[in-house]
Amino acid sequence: MNTIPRSALILGLAGLLPFLWGALTVMRPELGMWGQTHIGARFIGPYVQLFYGQVILSFMSGVLWGFATRASGATATVGYTLSVIPALWAFFMTGVGPITSAVNLVAGFLALLLLDWYFWRLQLAPPWWMQLRVLLTSIVVISLLPVIF
């Protein structure tokens, strides 16, 4: 097993906070009301999850682009092309209602996991990459389920 660097694990887990907070405010309406009163409606429920999900998919496009820079020739071209898909998906597929947007985010994050695997398989991502990405993606998907159901 490859060990995930401590800083990458801590920062990755910290990046889940908006997803988890959003799920909590969906499942606990009183927490959602507190959040709306104290930090604003944009930072509770599906709103925070959907907006942050768009940000993270776009961020991950940049990460994949960085991996593509480690390749050359046709492999680099394919890598650059694939790397823009998560950002484009987030842009085009999350502008609808909260349930459909959440479903589309789940699909986007699961597809991103396939792209992560592709770059990892080509040894363009660190050896520990898939351990981290499976963990984070699983939590993101689970946190979006209360919006969908």
# chains A, B, ... in the order shown; residues from 1 in each chain; ligands from 1
>>> select_by_dssp(residues="range 65-124 of chain A", states="helix (DSSP H, G or I)", output="JSON, numbers by chain")
{"A": [65, 66, 67, 68, 73, 74, 75, 76, 77, 78, 79, 80, 81, 82, 83, 85, 86, 87, 88, 89, 90, 91, 92, 93, 98, 99, 100, 101, 102, 103, 104, 105, 106, 107, 108, 109, 110, 111, 112, 113, 114, 115, 116, 117, 118, 119, 120, 121]}
>>> residues_around(residues="Ala102 in chain A", least_positions_apart="6", cutoff="8 Å", atoms="only C-alpha atoms", output="ChimeraX atom specification")
/A:46,50,94,144-145,147-148
>>> write_last_selection(atoms="all heavy atoms", output="CSV table (one decimal), in the first residue's frame")
chain,number,residue,atom,x,y,z
A,46,PRO,N,-28.4,22.4,-0.3
A,46,PRO,CA,-27.8,22.1,-1.6
A,46,PRO,C,-27.1,23.2,-2.3
A,46,PRO,O,-26.2,23.0,-3.1
A,46,PRO,CB,-29.1,21.7,-2.4
A,46,PRO,CG,-30.2,22.3,-1.7
A,46,PRO,CD,-29.8,22.4,-0.3
A,50,LEU,N,-23.8,22.4,-4.3
A,50,LEU,CA,-23.8,22.5,-5.7
A,50,LEU,C,-22.7,23.5,-6.2
A,50,LEU,O,-22.0,23.3,-7.1
A,50,LEU,CB,-25.2,22.9,-6.2
A,50,LEU,CG,-26.3,21.8,-5.9
A,50,LEU,CD1,-27.6,22.3,-6.4
A,50,LEU,CD2,-25.9,20.5,-6.5
A,94,THR,N,-24.9,21.7,-14.2
A,94,THR,CA,-25.4,22.1,-12.9
A,94,THR,C,-26.2,23.3,-12.8
A,94,THR,O,-26.5,23.8,-11.7
A,94,THR,CB,-24.2,22.2,-11.9
A,94,THR,OG1,-23.3,23.2,-12.3
A,94,THR,CG2,-23.5,20.9,-11.7
A,144,LEU,N,-23.9,14.0,-1.2
A,144,LEU,CA,-24.9,14.6,-2.1
A,144,LEU,C,-26.2,13.8,-2.1
A,144,LEU,O,-27.3,14.3,-2.6
A,144,LEU,CB,-24.3,14.6,-3.5
A,144,LEU,CG,-23.3,15.7,-3.7
A,144,LEU,CD1,-22.5,15.5,-5.0
A,144,LEU,CD2,-23.9,17.1,-3.7
A,145,LEU,N,-26.2,12.6,-1.6
A,145,LEU,CA,-27.5,11.8,-1.6
A,145,LEU,C,-28.6,12.4,-0.9
A,145,LEU,O,-29.8,12.3,-1.4
A,145,LEU,CB,-27.1,10.4,-1.0
A,145,LEU,CG,-26.2,9.5,-1.9
A,145,LEU,CD1,-26.0,8.2,-1.2
A,145,LEU,CD2,-26.7,9.4,-3.3
A,147,VAL,N,-29.6,15.4,-0.9
A,147,VAL,CA,-30.2,16.4,-1.8
A,147,VAL,C,-31.0,15.6,-2.9
A,147,VAL,O,-32.1,16.0,-3.2
A,147,VAL,CB,-29.1,17.2,-2.5
A,147,VAL,CG1,-29.8,18.2,-3.5
A,147,VAL,CG2,-28.4,18.0,-1.5
A,148,ILE,N,-30.5,14.5,-3.3
A,148,ILE,CA,-31.2,13.7,-4.4
A,148,ILE,C,-32.4,13.0,-3.8
A,148,ILE,O,-33.5,12.9,-4.5
A,148,ILE,CB,-30.2,12.7,-5.0
A,148,ILE,CG1,-29.0,13.4,-5.6
A,148,ILE,CG2,-30.9,11.8,-5.9
A,148,ILE,CD1,-27.9,12.5,-6.0
>>> atom_distance(atom1="CA of Met130 in chain A", atom2="CA of Thr81 in chain A")
20.6 Å
>>> residues_around(residues="Ser61 in chain A", least_positions_apart="6", cutoff="9 Å", atoms="only C-alpha atoms", output="ChimeraX atom specification")
/A:82-88,112
>>> closest_atom_pairs(of="range 33-94 of chain A", to="range 14-26 of chain A", cutoff="10 Å", atoms="only C-alpha atoms", output="CSV")
residue,atom,partner,partner_atom,distance
A:Met33,CA,A:Thr25,CA,8.0
A:Trp34,CA,A:Thr25,CA,8.9
A:Gly35,CA,A:Thr25,CA,7.7
A:Gln36,CA,A:Thr25,CA,9.5
A:Phe43,CA,A:Gly22,CA,7.6
A:Ile44,CA,A:Gly22,CA,5.3
A:Gly45,CA,A:Gly22,CA,4.2
A:Pro46,CA,A:Gly22,CA,6.0
A:Tyr47,CA,A:Gly22,CA,7.6
A:Val48,CA,A:Gly22,CA,6.0
A:Gln49,CA,A:Phe19,CA,5.1
A:Leu50,CA,A:Phe19,CA,8.6
A:Phe51,CA,A:Pro18,CA,9.6
A:Tyr52,CA,A:Pro18,CA,7.0
A:Gly53,CA,A:Phe19,CA,7.9
A:Ile56,CA,A:Gly15,CA,8.8
>>> write_last_selection(atoms="N, CA and C atoms", output="PDB file, in the first residue's frame")
ATOM      1  N   MET A  33     -31.714  26.310   9.353  1.00  0.00           N
ATOM      2  CA  MET A  33     -32.253  27.618   9.752  1.00  0.00           C
ATOM      3  C   MET A  33     -31.186  28.436  10.479  1.00  0.00           C
ATOM      4  N   TRP A  34     -30.430  27.785  11.360  1.00  0.00           N
ATOM      5  CA  TRP A  34     -29.340  28.473  12.056  1.00  0.00           C
ATOM      6  C   TRP A  34     -28.336  29.004  11.037  1.00  0.00           C
ATOM      7  N   GLY A  35     -27.961  28.164  10.087  1.00  0.00           N
ATOM      8  CA  GLY A  35     -27.005  28.566   9.068  1.00  0.00           C
ATOM      9  C   GLY A  35     -27.513  29.715   8.223  1.00  0.00           C
ATOM     10  N   GLN A  36     -28.786  29.654   7.853  1.00  0.00           N
ATOM     11  CA  GLN A  36     -29.357  30.723   7.042  1.00  0.00           C
ATOM     12  C   GLN A  36     -29.325  32.050   7.809  1.00  0.00           C
ATOM     13  N   PHE A  43     -24.911  29.466   1.913  1.00  0.00           N
ATOM     14  CA  PHE A  43     -23.943  28.570   2.554  1.00  0.00           C
ATOM     15  C   PHE A  43     -24.597  27.424   3.309  1.00  0.00           C
ATOM     16  N   ILE A  44     -25.800  27.041   2.889  1.00  0.00           N
ATOM     17  CA  ILE A  44     -26.465  25.901   3.511  1.00  0.00           C
ATOM     18  C   ILE A  44     -27.042  24.995   2.435  1.00  0.00           C
ATOM     19  N   GLY A  45     -27.426  23.807   2.855  1.00  0.00           N
ATOM     20  CA  GLY A  45     -28.153  22.863   2.014  1.00  0.00           C
ATOM     21  C   GLY A  45     -27.514  22.619   0.665  1.00  0.00           C
ATOM     22  N   PRO A  46     -28.362  22.400  -0.308  1.00  0.00           N
ATOM     23  CA  PRO A  46     -27.838  22.074  -1.630  1.00  0.00           C
ATOM     24  C   PRO A  46     -27.085  23.234  -2.269  1.00  0.00           C
ATOM     25  N   TYR A  47     -27.378  24.466  -1.838  1.00  0.00           N
ATOM     26  CA  TYR A  47     -26.719  25.609  -2.466  1.00  0.00           C
ATOM     27  C   TYR A  47     -25.208  25.547  -2.283  1.00  0.00           C
ATOM     28  N   VAL A  48     -24.765  25.305  -1.064  1.00  0.00           N
ATOM     29  CA  VAL A  48     -23.323  25.246  -0.819  1.00  0.00           C
ATOM     30  C   VAL A  48     -22.711  24.029  -1.512  1.00  0.00           C
ATOM     31  N   GLN A  49     -23.420  22.925  -1.493  1.00  0.00           N
ATOM     32  CA  GLN A  49     -22.895  21.711  -2.115  1.00  0.00           C
ATOM     33  C   GLN A  49     -22.768  21.854  -3.634  1.00  0.00           C
ATOM     34  N   LEU A  50     -23.793  22.409  -4.255  1.00  0.00           N
ATOM     35  CA  LEU A  50     -23.778  22.513  -5.720  1.00  0.00           C
ATOM     36  C   LEU A  50     -22.744  23.519  -6.193  1.00  0.00           C
ATOM     37  N   PHE A  51     -22.683  24.654  -5.523  1.00  0.00           N
ATOM     38  CA  PHE A  51     -21.691  25.655  -5.923  1.00  0.00           C
ATOM     39  C   PHE A  51     -20.279  25.128  -5.688  1.00  0.00           C
ATOM     40  N   TYR A  52     -20.047  24.556  -4.512  1.00  0.00           N
ATOM     41  CA  TYR A  52     -18.719  24.046  -4.195  1.00  0.00           C
ATOM     42  C   TYR A  52     -18.361  22.859  -5.090  1.00  0.00           C
ATOM     43  N   GLY A  53     -19.345  22.041  -5.423  1.00  0.00           N
ATOM     44  CA  GLY A  53     -19.095  20.924  -6.336  1.00  0.00           C
ATOM     45  C   GLY A  53     -18.612  21.396  -7.690  1.00  0.00           C
ATOM     46  N   ILE A  56     -14.984  22.446  -7.221  1.00  0.00           N
ATOM     47  CA  ILE A  56     -14.059  21.309  -7.075  1.00  0.00           C
ATOM     48  C   ILE A  56     -13.869  20.579  -8.406  1.00  0.00           C
TER      49      ILE A  56
END
>>> residues_around(residues="Tyr80 in chain A", least_positions_apart="5", cutoff="12 Å", atoms="only C-alpha atoms", output="PyMOL selection string")
chain A and resi 61-75+85-86+115+119
>>> write_last_selection(atoms="N, CA, C and O atoms", output="CSV table (one decimal), in the first residue's frame")
chain,number,residue,atom,x,y,z
A,61,SER,N,-10.0,19.7,-12.8
A,61,SER,CA,-9.6,19.8,-14.2
A,61,SER,C,-8.2,20.3,-14.2
A,61,SER,O,-7.3,19.8,-15.0
A,62,GLY,N,-7.9,21.3,-13.4
A,62,GLY,CA,-6.5,21.8,-13.3
A,62,GLY,C,-5.5,20.8,-12.8
A,62,GLY,O,-4.4,20.8,-13.3
A,63,VAL,N,-5.9,20.0,-11.9
A,63,VAL,CA,-5.0,19.0,-11.4
A,63,VAL,C,-4.7,18.0,-12.5
A,63,VAL,O,-3.5,17.6,-12.7
A,64,LEU,N,-5.7,17.6,-13.2
A,64,LEU,CA,-5.5,16.6,-14.3
A,64,LEU,C,-4.7,17.3,-15.4
A,64,LEU,O,-3.8,16.6,-16.0
A,65,TRP,N,-4.9,18.5,-15.7
A,65,TRP,CA,-4.0,19.3,-16.7
A,65,TRP,C,-2.6,19.2,-16.2
A,65,TRP,O,-1.7,18.9,-17.1
A,66,GLY,N,-2.3,19.4,-14.9
A,66,GLY,CA,-1.0,19.3,-14.4
A,66,GLY,C,-0.4,17.9,-14.6
A,66,GLY,O,0.8,17.7,-15.0
A,67,PHE,N,-1.2,16.8,-14.5
A,67,PHE,CA,-0.7,15.5,-14.7
A,67,PHE,C,-0.4,15.3,-16.2
A,67,PHE,O,0.6,14.7,-16.6
A,68,ALA,N,-1.2,15.9,-17.1
A,68,ALA,CA,-1.0,15.8,-18.5
A,68,ALA,C,0.4,16.4,-18.9
A,68,ALA,O,1.0,16.0,-19.9
A,69,THR,N,0.8,17.4,-18.2
A,69,THR,CA,2.1,18.0,-18.5
A,69,THR,C,3.3,17.1,-18.3
A,69,THR,O,4.4,17.3,-18.8
A,70,ARG,N,3.1,16.0,-17.6
A,70,ARG,CA,4.1,15.0,-17.4
A,70,ARG,C,4.2,14.0,-18.6
A,70,ARG,O,5.1,13.2,-18.6
A,71,ALA,N,3.3,14.1,-19.5
A,71,ALA,CA,3.3,13.2,-20.7
A,71,ALA,C,3.8,14.0,-21.9
A,71,ALA,O,4.1,15.2,-21.8
A,72,SER,N,3.9,13.3,-23.0
A,72,SER,CA,4.4,13.9,-24.2
A,72,SER,C,3.6,13.3,-25.4
A,72,SER,O,3.0,12.3,-25.3
A,73,GLY,N,3.7,14.0,-26.5
A,73,GLY,CA,3.1,13.5,-27.7
A,73,GLY,C,1.6,13.3,-27.7
A,73,GLY,O,0.9,14.1,-27.0
A,74,ALA,N,1.1,12.2,-28.2
A,74,ALA,CA,-0.3,11.9,-28.3
A,74,ALA,C,-0.9,11.7,-26.9
A,74,ALA,O,-2.0,12.1,-26.7
A,75,THR,N,-0.1,11.1,-26.0
A,75,THR,CA,-0.6,10.9,-24.7
A,75,THR,C,-0.9,12.2,-24.0
A,75,THR,O,-1.9,12.4,-23.3
A,85,ILE,N,-12.7,18.1,-19.3
A,85,ILE,CA,-14.1,17.5,-19.2
A,85,ILE,C,-14.7,17.8,-17.8
A,85,ILE,O,-15.9,18.3,-17.8
A,86,PRO,N,-14.1,17.6,-16.7
A,86,PRO,CA,-14.8,17.9,-15.4
A,86,PRO,C,-15.3,19.4,-15.3
A,86,PRO,O,-16.4,19.6,-14.9
A,115,LEU,N,-11.3,9.2,-14.7
A,115,LEU,CA,-10.2,10.0,-15.3
A,115,LEU,C,-8.9,9.9,-14.3
A,115,LEU,O,-7.8,9.8,-14.8
A,119,PHE,N,-5.1,8.6,-15.5
A,119,PHE,CA,-3.9,9.3,-15.3
A,119,PHE,C,-2.9,8.5,-14.3
A,119,PHE,O,-1.7,8.5,-14.5
>>> closest_residue(among="A:Gly40, A:Gly32, A:Gly79, A:Gly108", to="Trp120 in chain A", atoms="only C-alpha atoms")
A:Gly79
>>> atom_distance(atom1="CA of Val78 in chain A", atom2="CA of Ala111 in chain A")
15.9 Å
>>> closest_residue(among="A:Val141, A:Leu136, A:Leu11, A:Leu122", to="Ala76 in chain A", atoms="only C-alpha atoms")
A:Leu122
>>> atom_distance(atom1="CA of Ala90 in chain A", atom2="CA of Thr137 in chain A")
15.3 Å
>>> closest_residue(among="A:Thr37, A:Ser101, A:Gln123, A:Thr77", to="Gln54 in chain A", atoms="only C-alpha atoms")
A:Ser101
>>> residues_around(residues="range 3-10 of chain A", least_positions_apart="3", cutoff="8 Å", atoms="only C-alpha atoms", output="short mmCIF file (atom, residue, chain, number, x, y, z; two decimals) with N, CA, C and O atoms, in the first residue's frame")
data_model
loop_
_atom_site.label_atom_id
_atom_site.label_comp_id
_atom_site.auth_asym_id
_atom_site.auth_seq_id
_atom_site.Cartn_x
_atom_site.Cartn_y
_atom_site.Cartn_z
N LEU A 13 -9.38 16.01 3.16
CA LEU A 13 -10.51 15.84 4.07
C LEU A 13 -11.13 17.19 4.44
O LEU A 13 -12.35 17.32 4.53
N ALA A 14 -10.29 18.20 4.62
CA ALA A 14 -10.81 19.55 4.92
C ALA A 14 -11.66 20.06 3.76
O ALA A 14 -12.65 20.76 3.96
N TRP A 128 0.02 7.03 -4.64
CA TRP A 128 -1.04 7.01 -3.63
C TRP A 128 -2.33 7.68 -4.10
O TRP A 128 -3.32 7.72 -3.36
N TRP A 129 -2.35 8.22 -5.29
CA TRP A 129 -3.46 9.03 -5.79
C TRP A 129 -4.82 8.37 -5.68
O TRP A 129 -5.79 8.96 -5.23
N GLN A 131 -5.90 5.92 -3.80
CA GLN A 131 -6.36 5.75 -2.42
C GLN A 131 -7.07 7.02 -1.95
O GLN A 131 -8.15 6.96 -1.36
N LEU A 132 -6.46 8.15 -2.19
CA LEU A 132 -7.03 9.42 -1.77
C LEU A 132 -8.31 9.73 -2.54
O LEU A 132 -9.33 10.11 -1.96
#
